[in-house]
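Below is one structure, written out as structure tokens, with a few remarks after it.
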Amino acid sequence: MIDPNFYITLALAGLAGLAMIVAAGLTGWRGWLSLRRLELDHAQDGRMPVAVSTGSRIEIADLKERIKKLEAIAAGVDL
């Protein structure tokens, strides 16, 4: 028969390992949250470029094309 101290030692070792994993996960979570807070602060200050969606990129490209056509018309160039 195995000594009861073996089970206690095994349970304590498992609990200590679980505590280390939880502590590491909590530290990573706090770091991730602080990173997101910094990104939001920078985005509100205007120092960080805001992500542009694909639809708005298409609209911007369309507007640039229209501007080029209008400039060409103003310069008298046939398209």
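So you can find residues: chains in the structure tokens are A, B, ... in the order shown, residues in each start at 1, and ligands are numbered from 1 in order.
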
DSSP helix (DSSP H, G or I) selection over chain A, as a ChimeraX atom specification: /A:4-45,54-75

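Going from atom CA of Leu15 of chain A over to atom CA of Asp3 of chain A, you cover 19.3 Å.
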
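One finds atom CA of Thr27 of chain A at 26.9 Å from atom CA of Thr9 of chain A.
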